[in-house]
Structures are given as C-alpha cells and as structure tokens.
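The file final38.txt comes next; it holds compact mmCIF, C-alpha atoms.
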# COMPACT_ATOMS: atom_id res chain seq x y z
CA MET X 80 -10.57 -3.34 11.72
CA LEU X 81 -11.19 -2.39 8.08
CA ARG X 82 -10.49 -4.65 5.11
CA THR X 83 -11.08 -4.08 1.39
CA ILE X 84 -12.13 -6.86 -0.96
CA SER X 85 -12.38 -6.64 -4.74
CA ILE X 86 -15.56 -8.11 -6.25
CA LYS X 87 -15.79 -8.81 -9.98
CA LEU X 88 -19.10 -7.83 -11.56
CA ASN X 89 -20.86 -9.76 -14.32
CA THR X 90 -22.27 -6.80 -16.29
CA THR X 91 -24.29 -6.85 -19.49
CA TYR X 92 -23.55 -4.58 -22.46
CA GLU X 93 -26.30 -2.14 -21.44
CA GLN X 94 -25.10 -2.08 -17.82
CA LYS X 95 -21.52 -1.36 -18.93
CA ASN X 96 -22.73 1.62 -20.93
CA SER X 97 -24.73 2.90 -17.96
CA LEU X 98 -21.69 2.65 -15.70
CA LEU X 99 -19.45 4.34 -18.27
CA GLN X 100 -21.87 7.27 -18.48
CA LEU X 101 -21.95 7.50 -14.69
CA GLN X 102 -18.15 7.33 -14.52
CA LYS X 103 -17.70 10.19 -16.98
CA GLN X 104 -20.36 12.34 -15.31
CA PHE X 105 -19.00 11.69 -11.82
CA ASN X 106 -15.43 12.68 -12.74
CA ASP X 107 -16.64 15.72 -14.68
CA VAL X 108 -18.41 16.86 -11.51
CA CYS X 109 -15.25 16.26 -9.48
CA ASN X 110 -13.30 18.44 -11.94
CA SER X 111 -15.92 21.18 -11.64
CA ILE X 112 -15.56 21.17 -7.83
CA VAL X 113 -11.74 21.46 -7.90
CA PRO X 114 -11.64 25.20 -8.89
CA ILE X 115 -14.07 26.01 -6.06
CA ALA X 116 -11.84 24.19 -3.57
CA ILE X 117 -8.71 25.97 -4.87
CA GLU X 118 -10.34 29.42 -4.96
CA ASN X 119 -11.55 29.11 -1.35
CA ARG X 120 -8.55 27.02 -0.22
CA CYS X 121 -11.07 24.63 1.29
CA TRP X 122 -11.04 20.83 1.43
CA ASN X 123 -13.09 20.39 4.55
CA ARG X 124 -15.98 18.17 3.52
CA VAL X 125 -18.74 20.12 5.27
CA ALA X 126 -17.45 23.57 4.32
CA LEU X 127 -16.90 22.59 0.68
CA HIS X 128 -20.40 21.08 0.58
CA HIS X 129 -21.89 24.50 1.47
CA LEU X 130 -19.73 26.20 -1.16
CA ALA X 131 -20.22 23.82 -4.09
CA TYR X 132 -23.32 21.66 -3.67
CA TYR X 133 -26.04 23.92 -5.10
CA LYS X 134 -23.81 25.22 -7.93
CA VAL X 135 -23.02 21.67 -9.02
CA ARG X 136 -26.60 20.45 -8.76
CA GLU X 137 -27.71 23.08 -11.27
CA THR X 138 -25.31 21.80 -13.94
CA THR X 139 -25.31 18.02 -13.58
CA GLU X 140 -27.58 15.03 -13.97
CA LEU X 141 -26.07 13.34 -10.91
CA GLY X 142 -28.34 12.70 -7.96
CA SER X 143 -27.89 14.55 -4.69
CA GLN X 144 -26.05 11.76 -2.90
CA MET X 145 -23.62 11.19 -5.76
CA VAL X 146 -22.81 14.91 -5.74
CA CYS X 147 -22.02 14.54 -2.03
CA ASN X 148 -19.78 11.59 -2.91
CA ALA X 149 -18.01 13.71 -5.54
CA ILE X 150 -17.38 16.46 -2.97
CA ARG X 151 -15.97 13.85 -0.60
CA THR X 152 -13.70 12.47 -3.34
CA VAL X 153 -12.28 15.94 -4.08
CA CYS X 154 -11.66 16.60 -0.37
CA GLU X 155 -9.83 13.31 0.07
CA SER X 156 -7.65 14.04 -2.98
CA PHE X 157 -6.53 17.40 -1.59
CA LYS X 158 -6.00 16.01 1.90
CA ALA X 159 -3.73 13.31 0.46
CA LEU X 160 -1.42 16.05 -0.90
CA LYS X 161 -0.81 17.35 2.67
CA ILE X 162 -0.63 20.96 1.50
CA LYS X 163 0.96 23.41 3.93
CA LYS X 164 -0.51 26.85 4.59
CA THR X 165 2.35 28.62 2.81
CA GLU X 166 2.28 26.37 -0.28
CA ASN X 167 0.44 26.99 -3.52
CA ILE X 168 -2.41 24.57 -4.19
CA PRO X 169 -1.60 22.22 -7.08
CA PRO X 170 -4.43 21.46 -9.52
CA VAL X 171 -6.07 18.05 -9.23
CA ASN X 172 -7.38 16.38 -12.36
CA PHE X 173 -9.87 13.51 -12.40
CA LYS X 174 -9.55 11.46 -15.57
CA PRO X 175 -12.70 10.06 -17.26
CA HIS X 176 -11.75 6.50 -16.24
CA SER X 177 -11.11 7.30 -12.57
CA SER X 178 -13.03 5.38 -9.91
CA ILE X 179 -16.56 6.20 -8.70
CA HIS X 180 -17.16 6.51 -4.97
CA PHE X 181 -20.26 4.78 -3.58
CA ASP X 182 -21.68 4.93 -0.07
CA LYS X 183 -24.46 2.90 1.55
CA ARG X 184 -27.14 5.20 0.06
CA THR X 185 -26.01 4.56 -3.51
CA TYR X 186 -25.52 0.78 -3.41
CA SER X 187 -26.99 -2.24 -1.67
CA LEU X 188 -26.01 -5.90 -1.41
CA ARG X 189 -28.57 -8.63 -2.00
CA LYS X 190 -27.08 -12.09 -1.55
CA ASP X 191 -25.03 -12.56 -4.73
CA THR X 192 -26.21 -9.40 -6.54
CA LEU X 193 -25.35 -5.73 -6.25
CA SER X 194 -27.75 -2.83 -6.74
CA LEU X 195 -26.01 0.31 -8.05
CA TYR X 196 -27.11 3.88 -8.69
CA THR X 197 -26.83 5.04 -12.35
CA LEU X 198 -28.04 8.09 -14.26
CA SER X 199 -30.93 6.04 -15.67
CA GLY X 200 -31.94 4.44 -12.38
CA ARG X 201 -30.83 1.49 -10.30
CA ILE X 202 -29.30 -1.57 -11.96
CA VAL X 203 -28.89 -5.01 -10.41
CA VAL X 204 -25.56 -6.65 -11.29
CA PRO X 205 -24.59 -10.25 -10.43
CA MET X 206 -21.39 -10.53 -8.37
CA ILE X 207 -18.76 -13.18 -9.08
CA LEU X 208 -17.85 -14.26 -5.55
CA GLY X 209 -15.00 -16.59 -4.70
CA GLU X 210 -14.50 -18.33 -1.39
CA PHE X 211 -12.19 -15.50 -0.25
CA GLN X 212 -14.74 -12.74 -0.87
CA GLN X 213 -17.65 -14.76 0.55
CA GLN X 214 -15.71 -15.43 3.75
CA TYR X 215 -15.21 -11.72 4.39
CA LEU X 216 -18.76 -10.77 3.38
CA ASP X 217 -20.09 -13.23 5.96
CA ARG X 218 -17.89 -11.74 8.70
CA GLY X 219 -17.81 -8.02 7.95
CA MET X 220 -20.16 -5.07 7.85
CA PRO X 221 -20.19 -3.29 4.43
CA LYS X 222 -19.02 0.32 4.40
CA GLU X 223 -18.02 2.57 1.49
CA ALA X 224 -16.76 1.34 -1.88
CA GLU X 225 -15.01 2.32 -5.12
CA LEU X 226 -16.22 1.17 -8.53
CA ILE X 227 -13.41 0.82 -11.07
CA CYS X 228 -13.05 -0.50 -14.62
CA LYS X 229 -10.03 -2.55 -15.66
CA ASN X 230 -9.70 -3.95 -19.19
CA ASN X 231 -13.43 -3.48 -19.84
CA THR X 232 -14.30 -5.40 -16.63
CA TRP X 233 -15.94 -3.71 -13.65
CA PHE X 234 -14.79 -4.32 -10.07
CA PHE X 235 -16.46 -3.21 -6.84
CA ASN X 236 -13.81 -2.55 -4.18
CA LEU X 237 -15.81 -2.83 -0.98
CA VAL X 238 -14.58 -1.79 2.47
CA LEU X 239 -15.69 -4.10 5.29
CA GLU X 240 -15.54 -3.51 9.01
CA LEU X 241 -14.40 -6.77 10.64
CA PRO X 242 -14.64 -7.76 14.31
CA THR X 243 -11.54 -6.90 16.33
CA VAL X 244 -9.23 -9.86 16.96
CA ASP X 245 -7.85 -10.32 20.48
CA SER X 246 -4.14 -9.52 20.71
CA ILE X 247 -1.70 -12.37 21.22
CA LEU X 248 -0.34 -12.19 24.77
CA SER X 249 3.36 -12.65 24.15
CA GLU X 250 6.21 -10.23 24.89
CA ASP X 251 8.60 -11.79 22.38
CA ILE X 252 9.33 -9.84 19.19
CA LEU X 253 10.24 -10.96 15.68
CA GLY X 254 12.70 -8.56 14.01
CA VAL X 255 12.40 -8.16 10.23
CA ASP X 256 15.05 -6.57 8.02
CA LEU X 257 13.97 -5.76 4.44
CA GLY X 258 16.38 -5.54 1.53
CA GLU X 259 17.05 -6.26 -2.11
CA ASN X 260 19.56 -9.13 -2.01
CA ASN X 261 17.40 -10.77 0.65
CA LEU X 262 13.77 -9.66 0.55
CA ALA X 263 13.45 -10.26 4.28
CA ALA X 264 15.71 -11.51 7.05
CA LEU X 265 14.05 -12.63 10.28
CA SER X 266 15.58 -12.62 13.75
CA SER X 267 14.46 -16.25 14.06
CA GLY X 268 17.14 -17.13 11.49
CA LYS X 269 15.09 -17.35 8.28
CA LEU X 270 16.16 -15.64 5.04
CA PHE X 271 13.98 -14.96 2.00
CA GLY X 272 16.34 -14.56 -0.93
CA GLY X 273 15.75 -11.97 -3.64
CA GLY X 274 18.35 -12.92 -6.23
CA GLN X 275 15.91 -14.47 -8.71
CA LEU X 276 13.46 -11.60 -8.37
CA ARG X 277 16.23 -9.03 -8.87
CA HIS X 278 17.35 -10.88 -12.02
CA GLU X 279 13.79 -10.85 -13.39
CA ARG X 280 13.38 -7.15 -12.64
CA ASN X 281 16.69 -6.36 -14.33
CA ARG X 282 15.51 -8.22 -17.43
CA ALA X 283 12.21 -6.35 -17.41
CA LEU X 284 14.02 -3.01 -17.09
CA ALA X 285 16.38 -3.89 -19.96
CA LEU X 286 13.47 -4.98 -22.17
CA ARG X 287 11.56 -1.73 -21.56
CA SER X 288 14.68 0.32 -22.30
CA ARG X 289 15.21 -1.46 -25.63
CA LEU X 290 11.56 -1.08 -26.65
CA GLN X 291 11.43 2.60 -25.68
CA SER X 292 14.61 3.40 -27.63
CA ASN X 293 13.26 1.44 -30.64
CA GLY X 294 10.08 3.49 -30.92
CA SER X 295 8.49 1.36 -33.65
CA LYS X 296 4.79 0.55 -33.75
CA SER X 297 5.36 -3.09 -32.77
CA ALA X 298 7.64 -1.97 -29.91
CA LYS X 299 4.90 0.31 -28.58
CA GLN X 300 2.38 -2.51 -28.85
CA LEU X 301 4.66 -4.81 -26.83
CA LEU X 302 5.24 -2.06 -24.26
CA LYS X 303 1.49 -1.75 -23.81
CA LYS X 304 1.16 -5.52 -23.53
CA ILE X 305 3.77 -5.86 -20.75
CA SER X 306 2.62 -2.70 -18.95
CA GLY X 307 2.11 -3.41 -15.26
CA LYS X 308 3.42 -6.98 -15.48
CA GLU X 309 6.40 -6.33 -13.21
CA ALA X 310 4.29 -4.46 -10.65
CA ARG X 311 1.73 -7.29 -10.53
CA HIS X 312 4.50 -9.87 -10.07
CA MET X 313 6.06 -7.77 -7.30
CA THR X 314 2.69 -7.50 -5.56
CA GLN X 315 2.24 -11.28 -5.69
CA VAL X 316 5.73 -11.86 -4.26
CA ASN X 317 5.10 -9.36 -1.45
CA HIS X 318 1.84 -11.11 -0.59
CA GLU X 319 3.65 -14.46 -0.36
CA ILE X 320 6.55 -13.07 1.72
CA SER X 321 4.21 -11.20 4.09
CA LYS X 322 2.18 -14.36 4.71
CA MET X 323 5.34 -16.31 5.57
CA ILE X 324 6.56 -13.57 7.91
CA VAL X 325 3.28 -13.55 9.82
CA ARG X 326 3.27 -17.37 9.93
CA GLU X 327 6.82 -17.37 11.32
CA ALA X 328 5.80 -14.93 14.06
CA LEU X 329 2.94 -17.21 15.06
CA ASP X 330 5.10 -20.35 14.92
CA THR X 331 7.78 -18.76 17.14
CA ASP X 332 5.17 -17.46 19.63
CA CYS X 333 5.95 -13.78 19.01
CA GLY X 334 3.31 -11.20 19.83
CA THR X 335 4.94 -8.34 17.89
CA ILE X 336 6.65 -7.90 14.51
CA ALA X 337 9.28 -5.15 14.43
CA MET X 338 10.36 -3.52 11.16
CA GLU X 339 12.45 -0.54 10.12
CA ASP X 340 10.88 2.88 9.67
CA LEU X 341 11.84 3.45 6.02
CA THR X 342 10.30 6.92 5.65
CA ASN X 343 12.21 8.98 3.05
CA ILE X 344 14.55 6.08 2.30
CA ARG X 345 14.47 6.89 -1.42
CA LYS X 346 15.96 10.33 -0.76
CA ARG X 347 18.95 8.70 0.92
CA ILE X 348 19.80 6.25 -1.88
CA LYS X 349 23.19 7.02 -3.50
CA ALA X 350 24.07 4.84 -6.48
CA ASN X 351 24.41 4.94 -10.25
CA LYS X 352 21.40 5.54 -12.50
CA ARG X 353 20.69 1.85 -13.18
CA VAL X 354 20.78 0.87 -9.50
CA ARG X 355 18.71 3.93 -8.51
CA SER X 356 16.09 3.04 -11.09
CA ARG X 357 15.83 -0.50 -9.75
CA LEU X 358 15.76 0.54 -6.09
CA HIS X 359 13.22 3.34 -6.61
CA ARG X 360 10.85 0.74 -8.08
CA TRP X 361 11.32 -1.59 -5.11
CA ALA X 362 8.08 -1.95 -3.15
CA TRP X 363 9.34 -1.84 0.46
CA ALA X 364 6.36 0.15 1.70
CA GLN X 365 3.95 -2.26 0.02
CA LEU X 366 5.55 -5.25 1.75
CA GLN X 367 5.35 -3.48 5.11
CA VAL X 368 1.67 -2.63 4.54
CA PHE X 369 0.93 -6.25 3.65
CA VAL X 370 2.73 -7.49 6.77
CA GLU X 371 0.93 -4.91 8.91
CA TYR X 372 -2.63 -5.71 7.90
CA LYS X 373 -2.06 -9.48 7.84
CA ALA X 374 -0.49 -9.33 11.30
CA THR X 375 -3.30 -7.19 12.70
CA ALA X 376 -5.86 -9.65 11.34
CA VAL X 377 -4.45 -12.46 13.52
CA GLY X 378 -3.84 -10.37 16.66
CA LEU X 379 -0.17 -9.47 16.20
CA LYS X 380 1.21 -6.00 16.93
CA ILE X 381 3.46 -4.00 14.61
CA LEU X 382 6.33 -1.81 15.78
CA PHE X 383 8.56 0.41 13.62
CA VAL X 384 12.06 1.31 14.84
CA ASN X 385 14.80 3.70 13.76
CA PRO X 386 16.97 1.89 11.18
CA ALA X 387 20.14 3.89 11.94
CA TYR X 388 23.22 1.63 12.15
CA THR X 389 21.17 -1.58 12.33
CA SER X 390 23.17 -3.05 9.43
CA GLN X 391 26.55 -1.87 10.76
CA MET X 392 26.25 -2.52 14.48
CA CYS X 393 27.10 -5.85 16.07
CA ALA X 394 23.93 -7.29 17.61
CA ASN X 395 26.04 -8.98 20.30
CA CYS X 396 28.10 -6.11 21.76
CA GLU X 397 26.43 -3.11 20.09
CA GLN X 398 29.65 -1.81 18.55
CA ILE X 399 30.26 -0.85 14.93
CA GLY X 400 31.54 -3.82 12.94
CA THR X 401 33.06 -4.33 9.50
CA ARG X 402 30.90 -5.48 6.58
CA ASN X 403 32.34 -7.70 3.86
CA LYS X 404 29.56 -8.27 1.33
CA HIS X 405 26.95 -10.33 3.24
CA ARG X 406 29.05 -10.91 6.34
CA LEU X 407 29.47 -8.63 9.34
CA ILE X 408 32.63 -9.07 11.42
CA CYS X 409 32.93 -7.53 14.87
CA LYS X 410 36.53 -6.88 15.97
CA ILE X 411 35.43 -6.30 19.56
CA CYS X 412 33.69 -9.59 20.37
CA GLY X 413 34.82 -11.64 17.35
CA ILE X 414 31.29 -12.47 16.16
CA GLN X 415 30.85 -13.22 12.44
CA ARG X 416 27.26 -13.25 11.24
CA HIS X 417 25.21 -12.72 8.09
CA SER X 418 24.76 -8.95 7.83
CA ASP X 419 21.01 -9.09 7.18
CA LEU X 420 20.38 -11.53 10.03
CA ASN X 421 22.50 -9.30 12.24
CA ALA X 422 20.33 -6.32 11.23
CA SER X 423 17.13 -8.23 12.09
CA LEU X 424 18.57 -9.05 15.53
CA ASN X 425 19.37 -5.36 16.04
CA ILE X 426 15.81 -4.43 15.08
CA ARG X 427 14.48 -6.97 17.58
CA ARG X 428 16.81 -5.67 20.31
CA ILE X 429 15.79 -2.05 19.71
CA ALA X 430 12.11 -3.00 19.73
CA LEU X 431 12.49 -4.93 23.00
CA SER X 432 14.10 -1.91 24.65
CA ALA X 433 11.64 0.60 23.18
CA ASP X 434 9.53 0.72 26.37
CA ASN X 435 12.41 0.23 28.78
CA ALA X 436 12.48 3.38 30.92
CA THR X 437 15.78 2.42 32.58
CA GLY X 438 17.75 2.19 29.34
CA ALA X 439 20.61 4.54 28.44
CA VAL X 440 19.37 7.76 26.85
CA SER X 441 22.41 8.98 24.90
CA ARG X 442 24.50 5.87 24.41
CA LEU X 443 27.03 6.14 21.57
CA HIS X 444 27.05 3.17 19.21
CA VAL X 445 30.63 3.76 18.10
CA ALA X 446 33.51 1.42 18.78
CA THR X 447 36.56 2.93 20.49
CA THR X 448 39.87 1.38 19.52

Can the structure from this file be put into structure tokens for me?
Amino acid sequence: MLRTISIKLNTTYEQKNSLLQLQKQFNDVCNSIVPIAIENRCWNRVALHHLAYYKVRETTELGSQMVCNAIRTVCESFKALKIKKTENIPPVNFKPHSSIHFDKRTYSLRKDTLSLYTLSGRIVVPMILGEFQQQYLDRGMPKEAELICKNNTWFFNLVLELPTVDSILSEDILGVDLGENNLAALSSGKLFGGGQLRHERNRALALRSRLQSNGSKSAKQLLKKISGKEARHMTQVNHEISKMIVREALDTDCGTIAMEDLTNIRKRIKANKRVRSRLHRWAWAQLQVFVEYKATAVGLKILFVNPAYTSQMCANCEQIGTRNKHRLICKICGIQRHSDLNASLNIRRIALSADNATGAVSRLHVATT
C-alpha cells in the first residue's frame, strides 16, 4: 500500500536559490521534451528516452538522472490525458513553478535531514518532522517524491510503501450516500449535515463575485488573499467526514464500505447557473478518495455501486416511491424514511447482492399501480 506524506523543509537563502534554479531548469527541459513526444506521438517512457535523452543532454545542465526524471514526468502528463488514437495531441506546458520529480538516485534520507540533487551539487536540508510524518517514515519504505514550493516554502512530498494490513473478516457492509444537504448518510443511521458548509460556500461564492465585478486594485488584492481558502476548508471537512465514516464502519463491525459510482455526475447536473456553480465545485470525488485510502489502511474493503434510482427506490420493497423534500414515502409498503438514509440502505442492499449469482438479472424497479 502506498501513502504520500508532505515534509516541510527548513531551507536557507542559498538553498532556496539553488532549488529555484533547479526548478526552472527541470521544467524547461520538460517543455523541450514535449514537442518530441507530440511529433512522434510517443509517451512510452522507454521509447521516449531513446528519442529525447541525448538531444536534451546536449542542451541542459541537468544531470543524467534528472533528465530521466523529466522524461518520466512528460510521459505521465500525457498518459493522464488518456488520448485516443484518433484524437489530436494537446500541447502540455510545464510552468516554471511546477514540481520537480525526484527518485531514489537523486535524494537520500538521513535521520532528520534530506540530501537533494541541485545544479551546483548536493545540498543537505533539515526536515521539519511532526509526529504524523515520523510515524509513517518509521513504518514505510521511501519511494519517489515531488518537490514543490508554496508561498516561498519548500515541501517534499514523499511516497512511502507501507506493509499490507490484513483485511477485516466481516461480510457486513456500510452503505454511504453522499450529497450536498447531507454530506454523508450512513446505512447505520448516522447523518452528517452539510447546511452550515453550504452556507459558507454560498458566502464565499458571493464574495468572489462582488470582488471580480468590482475590479479595483484592493479587490484584486483581497481576491488573491482569499484564493484557495474555500478549497482548503473543503479538504479539511472531507478529511474529518472520511475519518468518521471509517470509524463508524469499524464500530459497527462492517468489513466493507459501499459508495456510489459518481463517474460523470457533473455532466448529468441540471440546475440554474448559481446551483451548477456550487455543485461543480463540490468535492465528491475527493471525499471518496479520502474514505478509500483511510479504509484500506485499516483493512476495510471499498465497493462502488451503480447509483441509479437509489434515491427514489424504497429500500424496503424495492419499488419507486415519492420524494417530498428530505422524506421518501412508499405507497406500496407505507414506509416513510429520510430520503438520504433510504439511499444509503439501497446502496448497502445493492452491494450485498453484488456477488449473489442467484439474484434476478433483469428485474424492473418500477412500481405497477
């Protein structure tokens, strides 16, 4: 299992300058490799190495291994675009402040210090380690890393390979329904409300709109000051919610957490401009990623199910019910239940039947009256 930790570096003025020079040179090299990759329609790491390595080495001060790292970075950027054979290749641009990729040949860990490759030779930088980072460093095996600069402070994002945790032997499943009014509804009966967070995000959106329409120098300064504040707050909330979801699964002796497969959900959103803007900025995928890696770390399994009709179908009789705001009413069996809790129960039911070979194949989930 892989886990990434962010380590703050205590750099001197001279070391910062050395890293800035390396950062600019590294990204310039990446930009020089991009045309070669586009011309040859090649983002295979080995093939692109044969095409670009010697050309790049003649025009750069970077060492051989850092050139290899630059080739790898370009390949990963093109692979992330998932370009089809019939599509044109879009240009990829590496900005001067983009991250620098390091592998085990270009860095080394020495207790509480970090040795890094630079254009002027190796530098040894003290690491600022908290209890969280030290705990993972003691357990994991260091792999590759990314060096980034945020607000004139350098961070070393190190990937660690951790020992595999034994899976929890339990067949019970915790269903999780994600939403905006309620951030998460669990099949165990717990609700995590999102009203306060939605109010704060609406205020942030309104403030940005006013500042952008104002256009004054002070408005632009304030926009820069609050930039990223909402995203950071949303990340913190998602971390807290994901921890509580995993804890609830452990407390209820569930071996699996089931969630909706929300792929392409943004394409299906139909609402006015204000609501679309708010929903498109909602970090559903981030919350699911946080739940997934936290669950895996403690031995829980993750299962994604088809979300079709989970919020409309009665979890008791599997017929289409009537929704009235947050309440779902089933006219067939008479059940009245919170719509989000009902959806989480449907997700749990679908997940439990996912491996059931004797289940109905083409059952219609439509009530006949």

**OP:** Show which residues sit within 10 Å of Gln94 in chain X, as a list in words. Count all atoms listed in the file, and ignore same-chain residues fewer than 6 positions away.
**Re:** Gln100, Thr197, Ile202, Val203 and Val204 of chain X

Subject >> Selection near range 161-178 of chain X, 7 Å with all atoms listed in the file, sequence-local residues under 4 positions removed, as number ranges by chain >> reply: X: 102-103, 106, 109-110, 113, 117, 225-227

Original post:
From the set X:Asn148, X:Ser266, X:Asn236, X:Thr342, which residue has the shortest atom-to-atom contact distance to His417 in chain X, counting all atoms listed in the file?
Top reply: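 Checking each of X:Asn148, X:Ser266, X:Asn236, X:Thr342 against His417 in chain X, counting all atoms listed in the file, the winner is X:Ser266.
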
**OP:** Go ahead and compute the interatomic distance for CA of Cys121 in chain X and CA of Val108 in chain X, in Å to one decimal.
**Re:** 16.7 Å

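Put simply, CA of Val135 in chain X is 23.3 Å away from CA of Asn96 in chain X.
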
Subject >> Pairwise distance for CA of Ser418 in chain X and CA of Lys404 in chain X, rounded to one decimal in Å >> reply: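 Computed distance, CA of Ser418 in chain X to CA of Lys404 in chain X, equals 8.1 Å.
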
**OP:** Rank X:Glu339, X:Asp419, X:Asp332, X:Glu140 by their smallest atom-to-atom distance to Glu250 in chain X, using all atoms listed in the file, and report the top residue only.
**Re:**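 Smallest separation from Glu250 in chain X among the options: X:Asp332.
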
Can you report as AutoDock Vina command-line options the centre and edge lengths in Å, to one decimal, of an axis-aligned box around the listed atoms of range 192-210 of chain X padded with 5 Å on each side?
--center_x -23.2 --center_y -5.1 --center_z -8.5 --size_x 27.4 --size_y 36.4 --size_z 24.3

**OP:** Go through X:Ile179, X:Met80, X:Leu253, X:Leu141 one by one, measure the shortest atom-to-atom distance of each to Leu98 in chain X using all atoms listed in the file, and give the residue with the smallest value.
**Re:** X:Ile179

**OP:** Extract, using all atoms listed in the file, all DNA, RNA and protein residues at most 7 Å from Pro205 in chain X, discarding same-chain residues fewer than 3 positions from it, and format them as a ChimeraX atom specification.
**Re:** /X:88-89,191-193

Selection to disk with C-alpha atoms, as a short mmCIF file (atom, residue, chain, number, x, y, z; two decimals), in the coordinates of the input:
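This went into again-v5.cif:
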data_model
loop_
_atom_site.label_atom_id
_atom_site.label_comp_id
_atom_site.auth_asym_id
_atom_site.auth_seq_id
_atom_site.Cartn_x
_atom_site.Cartn_y
_atom_site.Cartn_z
CA LEU X 88 -19.10 -7.83 -11.56
CA ASN X 89 -20.86 -9.76 -14.32
CA ASP X 191 -25.03 -12.56 -4.73
CA THR X 192 -26.21 -9.40 -6.54
CA LEU X 193 -25.35 -5.73 -6.25
#
